[in-house]
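upload-v4.pdb follows; it contains PDB, C-alpha atoms, pLDDT in the B column.
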ATOM      1  CA  MET I  84     116.225 130.099 169.331  1.00 46.00           C
ATOM      2  CA  ASN I  85     112.938 128.324 168.705  1.00 52.00           C
ATOM      3  CA  PRO I  86     112.706 125.224 170.983  1.00 52.00           C
ATOM      4  CA  GLU I  87     110.603 123.466 168.379  1.00 51.00           C
ATOM      5  CA  SER I  88     113.529 123.600 165.936  1.00 53.00           C
ATOM      6  CA  GLU I  89     115.877 121.660 168.255  1.00 61.00           C
ATOM      7  CA  THR I  90     116.703 118.080 167.283  1.00 64.00           C
ATOM      8  CA  PRO I  91     115.023 115.610 169.676  1.00 74.00           C
ATOM      9  CA  ARG I  92     117.450 113.718 171.877  1.00 78.00           C
ATOM     10  CA  PRO I  93     117.709 110.048 170.805  1.00 77.00           C
ATOM     11  CA  SER I  94     116.021 107.557 173.102  1.00 79.00           C
ATOM     12  CA  PHE I  95     118.000 105.066 175.159  1.00 71.00           C
ATOM     13  CA  GLY I  96     117.103 102.270 172.734  1.00 74.00           C
ATOM     14  CA  GLU I  97     118.291 104.263 169.755  1.00 76.00           C
ATOM     15  CA  ARG I  98     121.572 105.154 171.472  1.00 73.00           C
ATOM     16  CA  LEU I  99     122.113 101.515 172.409  1.00 70.00           C
ATOM     17  CA  ARG I 100     121.455 100.334 168.851  1.00 76.00           C
ATOM     18  CA  HIS I 101     123.878 102.964 167.522  1.00 70.00           C
ATOM     19  CA  ARG I 102     126.626 101.867 169.913  1.00 73.00           C
ATOM     20  CA  LEU I 103     126.121  98.189 169.082  1.00 66.00           C
ATOM     21  CA  HIS I 104     126.173  99.004 165.353  1.00 67.00           C
ATOM     22  CA  THR I 105     129.384 100.998 165.788  1.00 71.00           C
ATOM     23  CA  PHE I 106     130.955  98.257 167.875  1.00 68.00           C
ATOM     24  CA  TRP I 107     130.189  95.584 165.263  1.00 68.00           C
ATOM     25  CA  TYR I 108     130.785  97.554 162.040  1.00 72.00           C
ATOM     26  CA  GLY I 109     133.264 100.181 163.199  1.00 73.00           C
ATOM     27  CA  HIS I 110     133.464 103.831 162.125  1.00 73.00           C
ATOM     28  CA  GLY I 111     135.248 103.540 158.834  1.00 69.00           C
ATOM     29  CA  THR I 112     135.565 101.176 155.900  1.00 68.00           C
ATOM     30  CA  ARG I 113     137.702  98.575 157.703  1.00 73.00           C
ATOM     31  CA  THR I 114     135.842  95.714 159.357  1.00 72.00           C
ATOM     32  CA  PRO I 115     136.820  95.363 163.056  1.00 78.00           C
ATOM     33  CA  TRP I 116     137.462  91.595 162.918  1.00 82.00           C
ATOM     34  CA  LEU I 117     139.430  91.462 166.161  1.00 86.00           C
ATOM     35  CA  ARG I 118     136.577  93.181 167.986  1.00 80.00           C
ATOM     36  CA  ARG I 119     134.072  90.772 166.455  1.00 83.00           C
ATOM     37  CA  ILE I 120     136.124  87.722 167.415  1.00 89.00           C
ATOM     38  CA  PHE I 121     136.411  89.000 170.983  1.00 86.00           C
ATOM     39  CA  ALA I 122     132.648  89.574 171.130  1.00 86.00           C
ATOM     40  CA  VAL I 123     131.864  86.076 169.849  1.00 88.00           C
ATOM     41  CA  LEU I 124     134.300  84.445 172.289  1.00 89.00           C
ATOM     42  CA  PHE I 125     132.887  86.487 175.157  1.00 87.00           C
ATOM     43  CA  ALA I 126     129.367  85.387 174.271  1.00 88.00           C
ATOM     44  CA  LEU I 127     130.324  81.709 173.888  1.00 87.00           C
ATOM     45  CA  PHE I 128     132.483  81.371 176.983  1.00 87.00           C
ATOM     46  CA  VAL I 129     131.086  83.962 179.402  1.00 90.00           C
ATOM     47  CA  ALA I 130     127.665  85.405 178.672  1.00 91.00           C
ATOM     48  CA  LEU I 131     125.861  82.306 177.372  1.00 93.00           C
ATOM     49  CA  PRO I 132     127.279  79.848 179.956  1.00 93.00           C
ATOM     50  CA  VAL I 133     126.460  82.243 182.804  1.00 94.00           C
ATOM     51  CA  VAL I 134     122.882  82.719 181.580  1.00 95.00           C
ATOM     52  CA  PHE I 135     122.575  78.960 181.048  1.00 94.00           C
ATOM     53  CA  LEU I 136     123.759  78.157 184.569  1.00 95.00           C
ATOM     54  CA  LEU I 137     121.570  80.823 186.163  1.00 96.00           C
ATOM     55  CA  ILE I 138     118.489  79.427 184.411  1.00 96.00           C
ATOM     56  CA  PHE I 139     119.262  75.761 185.040  1.00 96.00           C
ATOM     57  CA  ARG I 140     120.089  76.365 188.659  1.00 96.00           C
ATOM     58  CA  PHE I 141     116.317  76.107 189.090  1.00 95.00           C
ATOM     59  CA  VAL I 142     115.084  74.297 185.957  1.00 96.00           C
ATOM     60  CA  PRO I 143     115.820  70.658 184.954  1.00 96.00           C
ATOM     61  CA  ILE I 144     118.418  70.345 182.204  1.00 96.00           C
ATOM     62  CA  PRO I 145     116.706  68.544 179.304  1.00 94.00           C
ATOM     63  CA  PHE I 146     119.683  67.419 177.218  1.00 92.00           C
ATOM     64  CA  THR I 147     123.475  67.120 177.195  1.00 94.00           C
ATOM     65  CA  PRO I 148     126.067  66.698 174.419  1.00 93.00           C
ATOM     66  CA  GLU I 149     126.835  63.171 175.683  1.00 92.00           C
ATOM     67  CA  MET I 150     123.304  62.074 174.848  1.00 92.00           C
ATOM     68  CA  ILE I 151     124.072  62.577 171.169  1.00 90.00           C
ATOM     69  CA  VAL I 152     126.476  59.605 171.160  1.00 85.00           C
ATOM     70  CA  PRO I 153     123.895  56.819 171.696  1.00 86.00           C
ATOM     71  CA  LEU I 154     121.538  58.575 169.287  1.00 86.00           C
ATOM     72  CA  VAL I 155     124.225  58.465 166.590  1.00 84.00           C
ATOM     73  CA  LYS I 156     124.709  54.759 167.322  1.00 82.00           C
ATOM     74  CA  GLY I 157     121.008  54.169 166.801  1.00 81.00           C
ATOM     75  CA  GLU I 158     120.310  53.546 170.468  1.00 82.00           C
ATOM     76  CA  GLY I 159     117.594  55.157 172.533  1.00 88.00           C
ATOM     77  CA  VAL I 160     118.186  57.736 175.247  1.00 94.00           C
ATOM     78  CA  ARG I 161     116.378  57.331 178.549  1.00 95.00           C
ATOM     79  CA  ASN I 162     116.449  60.218 180.988  1.00 96.00           C
ATOM     80  CA  HIS I 163     113.996  61.407 183.591  1.00 96.00           C
ATOM     81  CA  TRP I 164     114.996  64.265 185.868  1.00 97.00           C
ATOM     82  CA  VAL I 165     114.034  63.883 189.519  1.00 97.00           C
ATOM     83  CA  ALA I 166     114.542  66.195 192.485  1.00 96.00           C
ATOM     84  CA  HIS I 167     117.358  65.536 194.920  1.00 96.00           C
ATOM     85  CA  ARG I 168     114.839  64.474 197.565  1.00 95.00           C
ATOM     86  CA  ASP I 169     113.615  61.727 195.187  1.00 97.00           C
ATOM     87  CA  ILE I 170     117.038  60.082 194.962  1.00 97.00           C
ATOM     88  CA  ALA I 171     117.933  57.629 197.693  1.00 97.00           C
ATOM     89  CA  PRO I 172     120.479  59.152 200.117  1.00 96.00           C
ATOM     90  CA  ALA I 173     122.430  55.920 199.711  1.00 97.00           C
ATOM     91  CA  LEU I 174     123.285  56.876 196.122  1.00 97.00           C
ATOM     92  CA  THR I 175     124.567  60.271 197.261  1.00 97.00           C
ATOM     93  CA  ARG I 176     126.809  58.569 199.813  1.00 97.00           C
ATOM     94  CA  ALA I 177     127.931  55.948 197.281  1.00 97.00           C
ATOM     95  CA  VAL I 178     128.942  58.510 194.654  1.00 97.00           C
ATOM     96  CA  ILE I 179     130.786  60.664 197.182  1.00 97.00           C
ATOM     97  CA  ALA I 180     132.527  57.574 198.571  1.00 96.00           C
ATOM     98  CA  SER I 181     133.506  56.355 195.115  1.00 94.00           C
ATOM     99  CA  GLU I 182     134.173  59.553 193.201  1.00 92.00           C
ATOM    100  CA  ASP I 183     134.913  62.492 195.480  1.00 93.00           C
ATOM    101  CA  ASN I 184     135.378  62.243 199.259  1.00 93.00           C
ATOM    102  CA  ASP I 185     136.096  65.969 199.551  1.00 93.00           C
ATOM    103  CA  PHE I 186     133.132  67.118 197.464  1.00 95.00           C
ATOM    104  CA  CYS I 187     131.668  69.234 200.265  1.00 96.00           C
ATOM    105  CA  THR I 188     134.912  71.038 201.081  1.00 94.00           C
ATOM    106  CA  HIS I 189     136.753  71.671 197.814  1.00 93.00           C
ATOM    107  CA  HIS I 190     136.004  74.461 195.351  1.00 92.00           C
ATOM    108  CA  GLY I 191     135.862  72.331 192.230  1.00 89.00           C
ATOM    109  CA  PHE I 192     139.315  70.727 192.210  1.00 85.00           C
ATOM    110  CA  ASP I 193     140.965  68.173 194.467  1.00 79.00           C
ATOM    111  CA  TRP I 194     144.529  69.474 194.310  1.00 72.00           C
ATOM    112  CA  LYS I 195     145.813  66.739 196.594  1.00 77.00           C
ATOM    113  CA  ASP I 196     144.465  64.020 194.305  1.00 67.00           C
ATOM    114  CA  ILE I 197     145.782  65.821 191.222  1.00 63.00           C
ATOM    115  CA  HIS I 198     149.235  66.030 192.820  1.00 64.00           C
ATOM    116  CA  GLU I 199     149.189  62.305 193.676  1.00 67.00           C
ATOM    117  CA  ALA I 200     148.114  61.408 190.131  1.00 59.00           C
ATOM    118  CA  LEU I 201     150.980  63.453 188.669  1.00 60.00           C
ATOM    119  CA  LYS I 202     153.474  61.836 191.061  1.00 59.00           C
ATOM    120  CA  GLU I 203     152.314  58.375 190.027  1.00 56.00           C
ATOM    121  CA  HIS I 204     152.614  59.359 186.362  1.00 48.00           C
ATOM    122  CA  ALA I 205     156.169  60.618 186.969  1.00 59.00           C
ATOM    123  CA  ARG I 206     157.025  57.183 188.401  1.00 58.00           C
ATOM    124  CA  GLY I 207     155.983  55.584 185.126  1.00 59.00           C
ATOM    125  CA  LYS I 208     152.391  54.686 185.893  1.00 55.00           C
ATOM    126  CA  ARG I 209     149.531  55.500 183.556  1.00 55.00           C
ATOM    127  CA  LEU I 210     148.069  58.952 184.168  1.00 48.00           C
ATOM    128  CA  ARG I 211     144.793  58.355 185.995  1.00 48.00           C
ATOM    129  CA  GLY I 212     141.873  60.695 186.230  1.00 55.00           C
ATOM    130  CA  ALA I 213     141.566  62.931 189.269  1.00 65.00           C
ATOM    131  CA  SER I 214     138.301  64.615 188.404  1.00 87.00           C
ATOM    132  CA  THR I 215     135.876  65.785 191.050  1.00 94.00           C
ATOM    133  CA  ILE I 216     132.091  65.553 190.839  1.00 96.00           C
ATOM    134  CA  SER I 217     132.084  69.262 189.954  1.00 96.00           C
ATOM    135  CA  GLN I 218     134.448  68.660 187.027  1.00 94.00           C
ATOM    136  CA  GLU I 219     132.418  65.678 185.846  1.00 94.00           C
ATOM    137  CA  THR I 220     129.262  67.792 186.014  1.00 96.00           C
ATOM    138  CA  ALA I 221     130.878  70.539 183.936  1.00 95.00           C
ATOM    139  CA  ARG I 222     132.051  68.009 181.357  1.00 94.00           C
ATOM    140  CA  THR I 223     128.660  66.306 181.197  1.00 94.00           C
ATOM    141  CA  ILE I 224     126.700  69.529 180.768  1.00 95.00           C
ATOM    142  CA  PHE I 225     128.906  71.406 178.305  1.00 93.00           C
ATOM    143  CA  LEU I 226     131.293  69.068 176.499  1.00 89.00           C
ATOM    144  CA  PHE I 227     131.457  66.028 174.270  1.00 83.00           C
ATOM    145  CA  PRO I 228     133.250  62.945 175.673  1.00 78.00           C
ATOM    146  CA  VAL I 229     136.483  63.542 173.759  1.00 78.00           C
ATOM    147  CA  ARG I 230     139.774  63.254 175.625  1.00 77.00           C
ATOM    148  CA  SER I 231     142.270  66.063 175.060  1.00 79.00           C
ATOM    149  CA  TRP I 232     144.212  68.656 177.017  1.00 80.00           C
ATOM    150  CA  VAL I 233     142.152  71.404 175.395  1.00 82.00           C
ATOM    151  CA  ARG I 234     138.965  69.787 176.650  1.00 82.00           C
ATOM    152  CA  LYS I 235     140.439  69.540 180.157  1.00 85.00           C
ATOM    153  CA  GLY I 236     141.246  73.228 180.080  1.00 89.00           C
ATOM    154  CA  VAL I 237     137.740  74.188 178.963  1.00 91.00           C
ATOM    155  CA  GLU I 238     136.328  71.760 181.547  1.00 92.00           C
ATOM    156  CA  ALA I 239     138.322  73.500 184.281  1.00 92.00           C
ATOM    157  CA  TYR I 240     136.915  76.878 183.231  1.00 93.00           C
ATOM    158  CA  PHE I 241     133.327  75.617 183.316  1.00 94.00           C
ATOM    159  CA  THR I 242     134.009  73.963 186.676  1.00 95.00           C
ATOM    160  CA  VAL I 243     134.922  77.353 188.137  1.00 95.00           C
ATOM    161  CA  LEU I 244     131.686  78.830 186.773  1.00 95.00           C
ATOM    162  CA  ILE I 245     129.572  76.008 188.177  1.00 97.00           C
ATOM    163  CA  GLU I 246     131.163  76.223 191.611  1.00 96.00           C
ATOM    164  CA  PHE I 247     130.629  79.984 191.652  1.00 96.00           C
ATOM    165  CA  LEU I 248     127.012  80.001 190.434  1.00 97.00           C
ATOM    166  CA  TRP I 249     125.565  76.778 191.864  1.00 97.00           C
ATOM    167  CA  PRO I 250     125.332  75.418 195.413  1.00 97.00           C
ATOM    168  CA  LYS I 251     126.769  71.968 196.060  1.00 97.00           C
ATOM    169  CA  GLU I 252     123.357  70.327 196.189  1.00 97.00           C
ATOM    170  CA  ARG I 253     122.515  71.575 192.701  1.00 97.00           C
ATOM    171  CA  ILE I 254     125.858  70.341 191.346  1.00 97.00           C
ATOM    172  CA  LEU I 255     125.280  66.858 192.742  1.00 97.00           C
ATOM    173  CA  THR I 256     121.632  66.821 191.637  1.00 98.00           C
ATOM    174  CA  ALA I 257     122.637  67.687 188.064  1.00 97.00           C
ATOM    175  CA  TYR I 258     125.381  65.068 188.125  1.00 97.00           C
ATOM    176  CA  LEU I 259     123.090  62.290 189.363  1.00 98.00           C
ATOM    177  CA  ASN I 260     120.415  63.224 186.836  1.00 98.00           C
ATOM    178  CA  LEU I 261     122.627  63.517 183.755  1.00 97.00           C
ATOM    179  CA  VAL I 262     125.641  61.221 184.110  1.00 97.00           C
ATOM    180  CA  ASP I 263     125.941  58.322 181.653  1.00 95.00           C
ATOM    181  CA  TRP I 264     125.046  55.030 183.361  1.00 95.00           C
ATOM    182  CA  GLY I 265     125.395  52.972 180.204  1.00 92.00           C
ATOM    183  CA  HIS I 266     123.210  51.506 177.460  1.00 91.00           C
ATOM    184  CA  GLY I 267     121.436  54.791 176.823  1.00 92.00           C
ATOM    185  CA  ASN I 268     120.524  55.349 180.476  1.00 95.00           C
ATOM    186  CA  PHE I 269     121.326  58.864 181.654  1.00 96.00           C
ATOM    187  CA  GLY I 270     120.695  59.744 185.260  1.00 97.00           C
ATOM    188  CA  ALA I 271     119.843  57.830 188.395  1.00 97.00           C
ATOM    189  CA  GLU I 272     116.148  57.383 187.659  1.00 98.00           C
ATOM    190  CA  ALA I 273     116.704  55.803 184.238  1.00 97.00           C
ATOM    191  CA  ALA I 274     119.516  53.578 185.570  1.00 97.00           C
ATOM    192  CA  SER I 275     117.487  52.438 188.576  1.00 97.00           C
ATOM    193  CA  GLU I 276     114.459  51.584 186.471  1.00 97.00           C
ATOM    194  CA  SER I 277     116.542  49.816 183.812  1.00 96.00           C
ATOM    195  CA  TYR I 278     118.821  47.784 186.086  1.00 97.00           C
ATOM    196  CA  PHE I 279     116.732  47.241 189.227  1.00 97.00           C
ATOM    197  CA  HIS I 280     113.155  47.912 188.038  1.00 97.00           C
ATOM    198  CA  LYS I 281     112.525  50.490 190.730  1.00 97.00           C
ATOM    199  CA  SER I 282     112.743  54.245 191.154  1.00 97.00           C
ATOM    200  CA  ALA I 283     115.908  55.948 192.345  1.00 97.00           C
ATOM    201  CA  SER I 284     114.216  56.769 195.640  1.00 97.00           C
ATOM    202  CA  GLN I 285     113.973  53.047 196.468  1.00 97.00           C
ATOM    203  CA  LEU I 286     117.596  52.053 195.894  1.00 97.00           C
ATOM    204  CA  THR I 287     119.221  50.002 198.625  1.00 97.00           C
ATOM    205  CA  SER I 288     122.764  50.723 199.790  1.00 97.00           C
ATOM    206  CA  ARG I 289     124.120  47.714 197.895  1.00 96.00           C
ATOM    207  CA  GLU I 290     122.372  48.714 194.669  1.00 97.00           C
ATOM    208  CA  ALA I 291     123.625  52.284 195.066  1.00 97.00           C
ATOM    209  CA  ALA I 292     127.173  51.017 195.576  1.00 97.00           C
ATOM    210  CA  ARG I 293     126.959  48.955 192.372  1.00 97.00           C
ATOM    211  CA  LEU I 294     125.724  51.951 190.401  1.00 97.00           C
ATOM    212  CA  ALA I 295     128.620  54.012 191.723  1.00 97.00           C
ATOM    213  CA  VAL I 296     131.117  51.303 190.730  1.00 96.00           C
ATOM    214  CA  ILE I 297     129.983  50.958 187.115  1.00 96.00           C
ATOM    215  CA  LEU I 298     130.254  54.712 186.440  1.00 95.00           C
ATOM    216  CA  ALA I 299     133.846  54.137 185.322  1.00 91.00           C
ATOM    217  CA  ASP I 300     132.748  51.864 182.438  1.00 92.00           C
ATOM    218  CA  PRO I 301     128.948  51.682 182.409  1.00 94.00           C
ATOM    219  CA  ASP I 302     128.559  50.024 179.019  1.00 91.00           C
ATOM    220  CA  VAL I 303     130.742  47.070 180.060  1.00 93.00           C
ATOM    221  CA  TRP I 304     130.216  46.531 183.789  1.00 94.00           C
ATOM    222  CA  LYS I 305     126.846  45.341 185.070  1.00 93.00           C
ATOM    223  CA  ALA I 306     125.062  46.661 188.143  1.00 94.00           C
ATOM    224  CA  ALA I 307     122.170  44.188 188.231  1.00 93.00           C
ATOM    225  CA  HIS I 308     124.234  41.050 187.618  1.00 91.00           C
ATOM    226  CA  PRO I 309     127.745  42.058 188.721  1.00 92.00           C
ATOM    227  CA  GLY I 310     130.884  40.173 187.841  1.00 93.00           C
ATOM    228  CA  PRO I 311     133.682  39.503 190.352  1.00 94.00           C
ATOM    229  CA  TYR I 312     135.237  42.967 190.075  1.00 94.00           C
ATOM    230  CA  VAL I 313     131.986  44.927 190.472  1.00 95.00           C
ATOM    231  CA  ALA I 314     130.900  42.682 193.352  1.00 95.00           C
ATOM    232  CA  ALA I 315     134.204  43.140 195.185  1.00 95.00           C
ATOM    233  CA  ARG I 316     134.466  46.843 194.466  1.00 96.00           C
ATOM    234  CA  SER I 317     130.889  47.466 195.620  1.00 95.00           C
ATOM    235  CA  GLY I 318     131.801  45.874 198.966  1.00 95.00           C
ATOM    236  CA  THR I 319     134.613  48.407 199.295  1.00 96.00           C
ATOM    237  CA  ILE I 320     132.247  51.253 198.420  1.00 97.00           C
ATOM    238  CA  LEU I 321     129.743  50.043 201.021  1.00 96.00           C
ATOM    239  CA  ALA I 322     132.441  50.294 203.686  1.00 96.00           C
ATOM    240  CA  ARG I 323     133.377  53.788 202.489  1.00 96.00           C
ATOM    241  CA  MET I 324     129.716  54.814 202.551  1.00 96.00           C
ATOM    242  CA  ASN I 325     129.726  54.084 206.276  1.00 96.00           C
ATOM    243  CA  GLU I 326     132.726  56.395 206.593  1.00 96.00           C
ATOM    244  CA  VAL I 327     130.851  59.102 204.670  1.00 96.00           C
ATOM    245  CA  THR I 328     128.045  58.855 207.228  1.00 95.00           C
ATOM    246  CA  ARG I 329     130.390  58.628 210.200  1.00 95.00           C
ATOM    247  CA  ASP I 330     132.548  61.588 209.165  1.00 95.00           C
ATOM    248  CA  GLY I 331     129.706  63.705 207.773  1.00 95.00           C
ATOM    249  CA  LEU I 332     131.312  63.947 204.324  1.00 95.00           C
ATOM    250  CA  ASP I 333     127.897  64.541 202.765  1.00 95.00           C
ATOM    251  CA  TRP I 334     126.918  67.463 205.039  1.00 96.00           C
ATOM    252  CA  CYS I 335     126.559  69.930 202.158  1.00 95.00           C
ATOM    253  CA  VAL I 336     123.876  67.892 200.365  1.00 94.00           C
ATOM    254  CA  LYS I 337     121.788  66.702 203.282  1.00 86.00           C
ATOM    255  CA  PRO I 338     118.193  68.014 203.394  1.00 74.00           C
TER     256      PRO I 338
END
Can the structure in the file be given as structure tokens, please?
Amino acid sequence: MNPESETPRPSFGERLRHRLHTFWYGHGTRTPWLRRIFAVLFALFVALPVVFLLIFRFVPIPFTPEMIVPLVKGEGVRNHWVAHRDIAPALTRAVIASEDNDFCTHHGFDWKDIHEALKEHARGKRLRGASTISQETARTIFLFPVRSWVRKGVEAYFTVLIEFLWPKERILTAYLNLVDWGHGNFGAEAASESYFHKSASQLTSREAARLAVILADPDVWKAAHPGPYVAARSGTILARMNEVTRDGLDWCVKP
């Protein structure tokens, strides 16, 4: 047989294109809708989030879905990403003391706090949030601020991804740089400049405690000119910040 008459073997690129074409369009006349739906869901919930998190493990995140809300209201959005070393350690301690004492030891979820919240709800109390900093980071990065059980489920999934792909320091850095601090201020740098006219690296312990307190309702409570509740609560956070230092609860994010 003449070797020159043999059909050339397809290249790797050609074989890959053929397989992708077959996967998407199928072999016959019927459109493989189930296969297409699976592929789209896989891309949306696995491939794209993983690529996103791998890239932004090292690169500042420029925008979040939550930033759309003030834009729709006609307000400005102020955000300036800074490195973890350029945020006062007091703010790290304040947020851990206020939001998530076990941040350095859990794997995304505080099951003890969740259990306590469910017990309180069973006794007739309003169901309170039991989100960790990791969960809040996942919600901030990927989701709109809409309350629903579906959103909580998706949030839990993204929390697992973040905990698996990012170190604790990156999780906290993203949280402090992107969380909504009210009035169009997103992140510690924007909040510090707006409320205290200084950079986040210059925050005092008391100012950091106030910023941590108003996270629960940043458009209503005031950090610069606190009312009775914020003033009293910030005193409690200051005491807890001392416990964070004493017990080394911030060991995973120390330089």
Quiz item: Residues picked by the PyMOL selection byres ((chain I and resi 319-327) around 6) here, as number ranges by chain?
Solution: I: 176-177, 180, 292, 316-318, 328-332
Quiz item: Residues around (121.9, 60.5, 186.9), cut-off 9 Å, counting all atoms listed in the file - what are they as a list in words?
Solution: Asn162, His163, Trp164, Val165, Thr256, Ala257, Tyr258, Leu259, Asn260, Leu261, Val262, Asp263, Trp264, Asn268, Phe269, Gly270, Ala271, Glu272, Ala273 and Ala274 of chain I
Exercise. Run the PyMOL selection byres ((chain I and resi 186) around 12) mentally over the shown coordinates, then write out the matched residues as JSON, numbers by chain, using the chain letters and numbers from the document.
Key: {"I": [175, 176, 178, 179, 180, 181, 182, 183, 184, 185, 187, 188, 189, 190, 191, 192, 193, 214, 215, 216, 217, 218, 219, 246, 250, 251, 252, 254, 255, 327, 331, 332, 333, 334, 335, 336]}
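Of note, atom CA of I:Tyr312 and atom CA of I:Ile297 are spaced 10.0 Å apart.
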Practice problem: Measure the distance from atom CA of I:Leu174 to atom CA of I:Ala291 in Å and round it to one decimal. | Solution: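 Taking atom CA of I:Leu174 as the start and atom CA of I:Ala291 as the end point, the length is 4.7 Å.
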Practice problem: Give me the residues within 10 Å of I:Glu290 as a ChimeraX atom specification, counting all atoms listed in the file and dropping any in the same chain fewer than 5 places off. | Solution: /I:173-174,177,275,278-279,283,285,295-296,306-307,317,321
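When all atoms listed in the file are used to measure the gap to I:Thr287, the shortest distance among I:Val160, I:Val133, I:Arg102, I:Pro172 belongs to I:Pro172.
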Self-check item: atom CA of I:Phe139 to atom CA of I:Gly236, distance in Å rounded to a single decimal
Solution: 22.7 Å
Quiz prompt | Selection result for the PyMOL selection byres ((chain I and resi 159) around 12) on this file, as an MDAnalysis selection string | solution = chainID I and resid 150:158 160:162 265:269 273
Quiz prompt | Counting only C-alpha atoms, the option among I:Val237, I:Pro338, I:Ile170, I:Trp249 closest to I:Arg140 | solution = I:Trp249
Hey, can I get the axis-aligned box for stretch 167-181 of chain I? All listed atoms, 6 Å padding on each side, centre and edge lengths in Å to one decimal, as lines of an AutoDock Vina configuration file.
center_x = 123.6
center_y = 60.7
center_z = 197.4
size_x = 31.9
size_y = 21.6
size_z = 17.5
Quiz item: Using all atoms listed in the file, which residue out of I:Glu276, I:Phe241, I:Leu286, I:Arg253 lies closest to I:Val142?
Solution: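 Of I:Glu276, I:Phe241, I:Leu286, I:Arg253, the one nearest I:Val142 is I:Arg253, counting all atoms listed in the file.
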